[in-house]
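Enquirer: Supplied in structure tokens, the structure appears directly below.
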Amino acid sequence: MNNPNEEVHKAFEVIQNGGIILYPTDTVWGIGCDATNEEAVKKIYALKQREETKSMIVLMNGEKMMYNVFKDIPEVAWQILDFSEKPTTLILDNPRNVAANIIADDKTLGVRIVKEPFCFKLMERMKKPLVSTSANISGQPTPKSFKEISPEIINGVDYVVNLHREKTCDKPSTIIKLTSDSQVKIIRK
């Protein structure tokens, strides 16, 4: 088992230089980069062969980072996060301080606060949110474990994190959309 701190360091260096990484999240394996770096975000779209109109989600490590990206967070957002038993992605209005090409056409951004130690520590180092999108070519099934990830993806990233490669996860996060007038819509259970 590799040293998690060493993996955080390696991944951080790649991300600092505008690279993209393949890494374990609190749900499925993800492809990620610095969420404020538009060029790095483009590399992920290209690798996934996905149109830039399909937005990707962003991981954050806590309240401070959330407020850096969203000026107004509806109270209900914190209530949902407090009561969620499993990883939950919230889609919120009017993000700022992130790359323009990860914001959806309706000016929203999906975010998830993670406690998974690797992701958490990596963002502590970055002091920025981390893009997270499933490790597959667009339109193909989401891999449930590292061994299901296609060589095309593995060879297409700048660094593959050497942790939790045996872990299987069959559930992506719940997705809930919140509008600034506090309407709640479940997108994926």
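Naming works like this for the structure tokens: A, B, ... for the chains as they're shown, residue 1 at the start of each chain, ligands 1 onward in shown order.
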Pick out the residues sitting within 9 Å of range 67-75 of chain A, and hand them over as a list in words; count only C-alpha atoms, and ignore anything fewer than 2 positions along from it in its own chain.
Expert: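 Close residues of range 67-75 of chain A: Gly62, Glu63, Lys64, Met65, Ala77, Trp78, Gln79, Ile80, Leu92, Asp93, Asn94, Pro95, Arg96, Asn97, Val98, Pro129, Leu178, Thr179, Ser180, Asp181 and Ser182 of chain A.
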Enquirer: Please produce a file of the residues just selected, as a CSV table (one decimal), in the first residue's frame, where the atoms kept are N, CA and C atoms.
Expert:
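The resulting result01.csv:
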```
chain,number,residue,atom,x,y,z
A,62,GLY,N,-14.8,21.6,2.2
A,62,GLY,CA,-15.5,22.2,3.3
A,62,GLY,C,-16.2,23.5,3.0
A,63,GLU,N,-16.7,24.1,4.1
A,63,GLU,CA,-17.5,25.2,4.0
A,63,GLU,C,-16.8,26.4,3.4
A,64,LYS,N,-15.5,26.6,3.8
A,64,LYS,CA,-14.8,27.8,3.3
A,64,LYS,C,-14.7,27.8,1.8
A,65,MET,N,-14.3,26.6,1.3
A,65,MET,CA,-14.2,26.5,-0.2
A,65,MET,C,-15.5,26.7,-0.9
A,77,ALA,N,-29.2,23.7,1.7
A,77,ALA,CA,-28.1,23.0,1.2
A,77,ALA,C,-27.3,22.3,2.4
A,78,TRP,N,-27.1,23.1,3.5
A,78,TRP,CA,-26.4,22.6,4.6
A,78,TRP,C,-27.2,21.5,5.3
A,79,GLN,N,-28.6,21.7,5.3
A,79,GLN,CA,-29.4,20.7,5.9
A,79,GLN,C,-29.4,19.4,5.2
A,80,ILE,N,-29.4,19.5,3.9
A,80,ILE,CA,-29.3,18.2,3.0
A,80,ILE,C,-28.0,17.5,3.3
A,92,LEU,N,-25.8,24.0,-7.5
A,92,LEU,CA,-26.1,25.3,-7.0
A,92,LEU,C,-25.9,26.4,-8.1
A,93,ASP,N,-26.6,27.5,-7.9
A,93,ASP,CA,-26.6,28.6,-8.9
A,93,ASP,C,-25.4,29.5,-8.7
A,94,ASN,N,-25.0,30.1,-9.9
A,94,ASN,CA,-24.0,31.2,-9.9
A,94,ASN,C,-22.7,31.0,-9.3
A,95,PRO,N,-22.0,29.9,-9.7
A,95,PRO,CA,-20.6,29.7,-9.2
A,95,PRO,C,-19.7,30.8,-9.7
A,96,ARG,N,-18.6,31.1,-9.0
A,96,ARG,CA,-17.6,32.0,-9.4
A,96,ARG,C,-16.2,31.4,-9.0
A,97,ASN,N,-15.1,32.0,-9.4
A,97,ASN,CA,-13.8,31.6,-9.1
A,97,ASN,C,-13.5,30.1,-9.5
A,98,VAL,N,-14.2,29.7,-10.6
A,98,VAL,CA,-13.8,28.4,-11.2
A,98,VAL,C,-13.7,28.6,-12.7
A,129,PRO,N,-10.8,23.9,-5.5
A,129,PRO,CA,-11.6,22.7,-5.7
A,129,PRO,C,-11.0,21.8,-6.8
A,178,LEU,N,-30.5,22.6,-6.4
A,178,LEU,CA,-31.1,23.6,-5.5
A,178,LEU,C,-31.1,24.9,-6.2
A,179,THR,N,-32.2,25.6,-6.3
A,179,THR,CA,-32.1,26.9,-7.0
A,179,THR,C,-32.0,28.0,-5.9
A,180,SER,N,-31.6,29.2,-6.3
A,180,SER,CA,-31.4,30.2,-5.3
A,180,SER,C,-32.7,30.6,-4.5
A,181,ASP,N,-33.9,30.2,-5.1
A,181,ASP,CA,-35.1,30.4,-4.4
A,181,ASP,C,-35.5,29.2,-3.6
A,182,SER,N,-34.5,28.3,-3.4
A,182,SER,CA,-34.6,27.1,-2.5
A,182,SER,C,-35.5,26.1,-3.0
```
Enquirer: Please run DSSP on the backbone and report, as number ranges by chain, all residues within chain A that come out as strand (DSSP E or B).
Expert: A: 21-24, 29-32, 34, 57-60, 70, 88-93, 95, 108-113, 130-134, 145, 159-160, 168, 174-178, 184-188
Enquirer: Leaving out range 28-41 of chain A and any residue of its chain fewer than 5 positions from it, which residues lie within 9 Å of it when counting only C-alpha atoms, given as a compact mmCIF listing (two decimals) with N, CA and C atoms, in the first residue's frame?
Expert:
```
# COMPACT_ATOMS: atom_id res chain seq x y z
N VAL A 14 1.42 17.30 -10.23
CA VAL A 14 0.85 17.16 -11.58
C VAL A 14 -0.22 18.23 -11.80
N ILE A 15 -1.09 18.40 -10.80
CA ILE A 15 -2.19 19.36 -10.91
C ILE A 15 -1.67 20.79 -10.98
N GLN A 16 -0.65 21.08 -10.18
CA GLN A 16 -0.02 22.42 -10.20
C GLN A 16 0.45 22.78 -11.60
N GLY A 18 -0.88 21.88 -14.33
CA GLY A 18 -1.96 21.84 -15.32
C GLY A 18 -2.29 20.45 -15.83
N GLY A 19 -1.81 19.43 -15.11
CA GLY A 19 -2.07 18.06 -15.54
C GLY A 19 -3.40 17.52 -15.03
N ILE A 20 -3.75 16.32 -15.51
CA ILE A 20 -4.97 15.67 -15.05
C ILE A 20 -4.62 14.33 -14.40
N ILE A 21 -5.39 13.97 -13.39
CA ILE A 21 -5.09 12.75 -12.64
C ILE A 21 -6.30 11.80 -12.64
N LEU A 22 -6.00 10.52 -12.39
CA LEU A 22 -7.03 9.50 -12.21
C LEU A 22 -6.93 9.13 -10.74
N TYR A 23 -8.04 9.24 -10.01
CA TYR A 23 -7.92 9.09 -8.56
C TYR A 23 -9.19 8.51 -7.93
N ALA A 46 -11.52 16.44 -23.60
CA ALA A 46 -10.94 15.79 -24.79
C ALA A 46 -10.74 14.30 -24.52
N VAL A 58 -17.53 19.22 -9.21
CA VAL A 58 -16.33 19.69 -8.54
C VAL A 58 -16.39 19.24 -7.08
N LEU A 59 -15.26 18.75 -6.60
CA LEU A 59 -15.19 18.34 -5.19
C LEU A 59 -14.63 19.50 -4.38
N ASN A 97 -15.14 32.04 -9.42
CA ASN A 97 -13.78 31.58 -9.07
C ASN A 97 -13.49 30.15 -9.52
N VAL A 98 -14.15 29.71 -10.60
CA VAL A 98 -13.81 28.41 -11.20
C VAL A 98 -13.71 28.60 -12.71
N ALA A 99 -13.13 27.62 -13.40
CA ALA A 99 -12.98 27.70 -14.85
C ALA A 99 -14.36 27.83 -15.51
N ALA A 100 -14.47 28.73 -16.48
CA ALA A 100 -15.76 28.96 -17.14
C ALA A 100 -16.30 27.70 -17.81
N ASN A 101 -15.38 26.83 -18.29
CA ASN A 101 -15.85 25.66 -19.02
C ASN A 101 -16.33 24.50 -18.16
N ILE A 102 -16.38 24.67 -16.84
CA ILE A 102 -17.05 23.62 -16.05
C ILE A 102 -18.42 24.09 -15.55
N MET A 126 -3.94 22.11 -2.57
CA MET A 126 -4.26 22.94 -3.73
C MET A 126 -4.87 24.27 -3.35
N LYS A 128 -7.82 24.78 -3.69
CA LYS A 128 -8.75 24.98 -4.80
C LYS A 128 -9.62 23.74 -4.93
N PRO A 129 -10.81 23.90 -5.52
CA PRO A 129 -11.64 22.72 -5.75
C PRO A 129 -11.04 21.82 -6.82
N LEU A 130 -11.47 20.57 -6.82
CA LEU A 130 -10.94 19.53 -7.70
C LEU A 130 -12.06 19.04 -8.61
N VAL A 131 -11.81 19.05 -9.91
CA VAL A 131 -12.81 18.51 -10.84
C VAL A 131 -12.93 17.01 -10.61
N SER A 132 -14.14 16.49 -10.73
CA SER A 132 -14.34 15.06 -10.60
C SER A 132 -15.36 14.61 -11.63
N THR A 133 -14.94 13.72 -12.51
CA THR A 133 -15.87 13.18 -13.50
C THR A 133 -15.55 11.70 -13.63
N SER A 134 -16.53 10.89 -13.92
CA SER A 134 -16.29 9.44 -13.94
C SER A 134 -15.22 9.07 -14.96
N ALA A 135 -14.48 8.01 -14.64
CA ALA A 135 -13.31 7.62 -15.43
C ALA A 135 -13.71 6.77 -16.63
N ASN A 136 -14.48 7.35 -17.54
CA ASN A 136 -14.89 6.61 -18.73
C ASN A 136 -14.97 7.54 -19.93
N THR A 142 -20.03 3.67 -16.40
CA THR A 142 -19.10 4.15 -15.37
C THR A 142 -18.40 2.95 -14.73
N PRO A 143 -17.07 2.93 -14.70
CA PRO A 143 -16.36 1.81 -14.08
C PRO A 143 -16.62 1.76 -12.57
N LYS A 144 -16.87 0.57 -12.05
CA LYS A 144 -17.16 0.40 -10.62
C LYS A 144 -15.89 0.17 -9.81
N SER A 145 -14.81 -0.16 -10.51
CA SER A 145 -13.55 -0.38 -9.80
C SER A 145 -12.40 -0.04 -10.73
N PHE A 146 -11.21 0.00 -10.18
CA PHE A 146 -10.04 0.41 -10.97
C PHE A 146 -9.85 -0.51 -12.16
N ILE A 149 -11.51 0.30 -15.53
CA ILE A 149 -11.19 1.54 -16.26
C ILE A 149 -10.42 1.20 -17.54
N ILE A 153 -8.23 5.57 -20.96
CA ILE A 153 -8.32 6.58 -19.89
C ILE A 153 -7.03 6.57 -19.07
N VAL A 157 -4.26 10.07 -18.86
CA VAL A 157 -4.07 11.03 -17.76
C VAL A 157 -2.57 11.21 -17.49
N THR A 168 -14.23 -1.50 -4.69
CA THR A 168 -15.31 -1.52 -5.68
C THR A 168 -16.40 -0.60 -5.17
N CYS A 169 -16.98 0.17 -6.07
CA CYS A 169 -18.06 1.05 -5.67
C CYS A 169 -19.09 1.04 -6.77
N ASP A 170 -20.30 0.66 -6.45
CA ASP A 170 -21.26 0.59 -7.54
C ASP A 170 -22.22 1.74 -7.51
N LYS A 171 -22.02 2.68 -6.59
CA LYS A 171 -23.01 3.76 -6.49
C LYS A 171 -22.38 5.13 -6.68
N PRO A 172 -22.74 5.83 -7.74
CA PRO A 172 -22.33 7.22 -7.80
C PRO A 172 -23.13 8.03 -6.77
N SER A 173 -22.80 9.29 -6.63
CA SER A 173 -23.48 10.08 -5.59
C SER A 173 -24.93 10.39 -5.95
```
Enquirer: Please identify all polymer residues within 8 Å of Pro24 in chain A, counting only C-alpha atoms, omitting same-chain residues fewer than 6 positions from it, and present them as a list in words.
Expert: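 The filter keeps Gly30, Phe118, Cys119, Val161, Leu163, His164 and Arg165 of chain A.
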Enquirer: Using only C-alpha atoms, can you tell me which of A:Leu90, A:Leu47, A:Met66, A:Ile57 comes closest to Lys127 in chain A?
Expert: A:Met66
Enquirer: Between A:Leu81, A:Arg125, A:Asn5, A:Asp158, which one has atoms that come closest to Asn17 in chain A, using only C-alpha atoms?
Expert: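 Looking only at the distances to Asn17 in chain A, the closest residue turns out to be A:Asp158.
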Enquirer: For the atom pair CA of Pro87 in chain A and CA of Arg188 in chain A, what is the interatomic distance in Å to one decimal place?
Expert: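 Going from CA of Pro87 in chain A over to CA of Arg188 in chain A, I get 11.7 Å.
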Enquirer: For the structure I just gave you, how does DSSP split chain A - specifically, which residues are alpha helix (DSSP H)? Reply as a PyMOL selection string.
Expert: chain A and resi 4-16+38-48+63-69+75-83+117-126+151-156
Enquirer: Restricting it to C-alpha atoms, dump the selection as a CSV table (one decimal), in the first residue's frame.
Expert:
```
chain,number,residue,atom,x,y,z
A,4,PRO,CA,-1.2,8.4,1.1
A,5,ASN,CA,0.8,11.6,1.8
A,6,GLU,CA,3.3,10.7,-0.9
A,7,GLU,CA,0.4,10.2,-3.4
A,8,VAL,CA,-1.1,13.6,-2.4
A,9,HIS,CA,2.3,15.2,-3.1
A,10,LYS,CA,2.7,13.5,-6.5
A,11,ALA,CA,-0.9,14.3,-7.5
A,12,PHE,CA,-0.5,17.9,-6.3
A,13,GLU,CA,2.6,18.4,-8.5
A,14,VAL,CA,0.9,17.2,-11.6
A,15,ILE,CA,-2.2,19.4,-10.9
A,16,GLN,CA,0.0,22.4,-10.2
A,38,GLU,CA,-9.6,26.1,-18.0
A,39,GLU,CA,-6.8,24.4,-20.1
A,40,ALA,CA,-6.7,21.4,-17.7
A,41,VAL,CA,-10.5,21.1,-17.8
A,42,LYS,CA,-10.3,21.1,-21.6
A,43,LYS,CA,-7.9,18.1,-21.4
A,44,ILE,CA,-10.5,16.1,-19.5
A,45,TYR,CA,-13.3,16.9,-22.0
A,46,ALA,CA,-10.9,15.8,-24.8
A,47,LEU,CA,-10.0,12.6,-23.0
A,48,LYS,CA,-13.6,11.7,-22.3
A,63,GLU,CA,-17.5,25.2,4.0
A,64,LYS,CA,-14.8,27.8,3.3
A,65,MET,CA,-14.2,26.5,-0.2
A,66,MET,CA,-17.9,26.4,-0.8
A,67,TYR,CA,-18.3,30.1,0.1
A,68,ASN,CA,-15.3,30.9,-2.2
A,69,VAL,CA,-17.3,29.5,-5.1
A,75,GLU,CA,-29.7,27.1,4.2
A,76,VAL,CA,-31.4,24.0,2.9
A,77,ALA,CA,-28.1,23.0,1.2
A,78,TRP,CA,-26.4,22.6,4.6
A,79,GLN,CA,-29.4,20.7,5.9
A,80,ILE,CA,-29.3,18.2,3.0
A,81,LEU,CA,-25.6,17.7,3.6
A,82,ASP,CA,-26.1,17.2,7.3
A,83,PHE,CA,-28.8,14.5,6.8
A,117,PRO,CA,-8.8,11.5,3.1
A,118,PHE,CA,-6.8,11.5,-0.2
A,119,CYS,CA,-9.2,14.0,-1.9
A,120,PHE,CA,-9.5,16.1,1.3
A,121,LYS,CA,-5.7,16.4,1.7
A,122,LEU,CA,-5.1,17.1,-1.9
A,123,MET,CA,-7.5,20.0,-1.9
A,124,GLU,CA,-5.9,21.3,1.3
A,125,ARG,CA,-2.6,21.5,-0.6
A,126,MET,CA,-4.3,22.9,-3.7
A,151,PRO,CA,-6.5,1.6,-20.9
A,152,GLU,CA,-7.4,4.6,-23.0
A,153,ILE,CA,-8.3,6.6,-19.9
A,154,ILE,CA,-5.4,5.3,-17.8
A,155,ASN,CA,-2.9,6.2,-20.6
A,156,GLY,CA,-4.6,9.5,-21.2
```
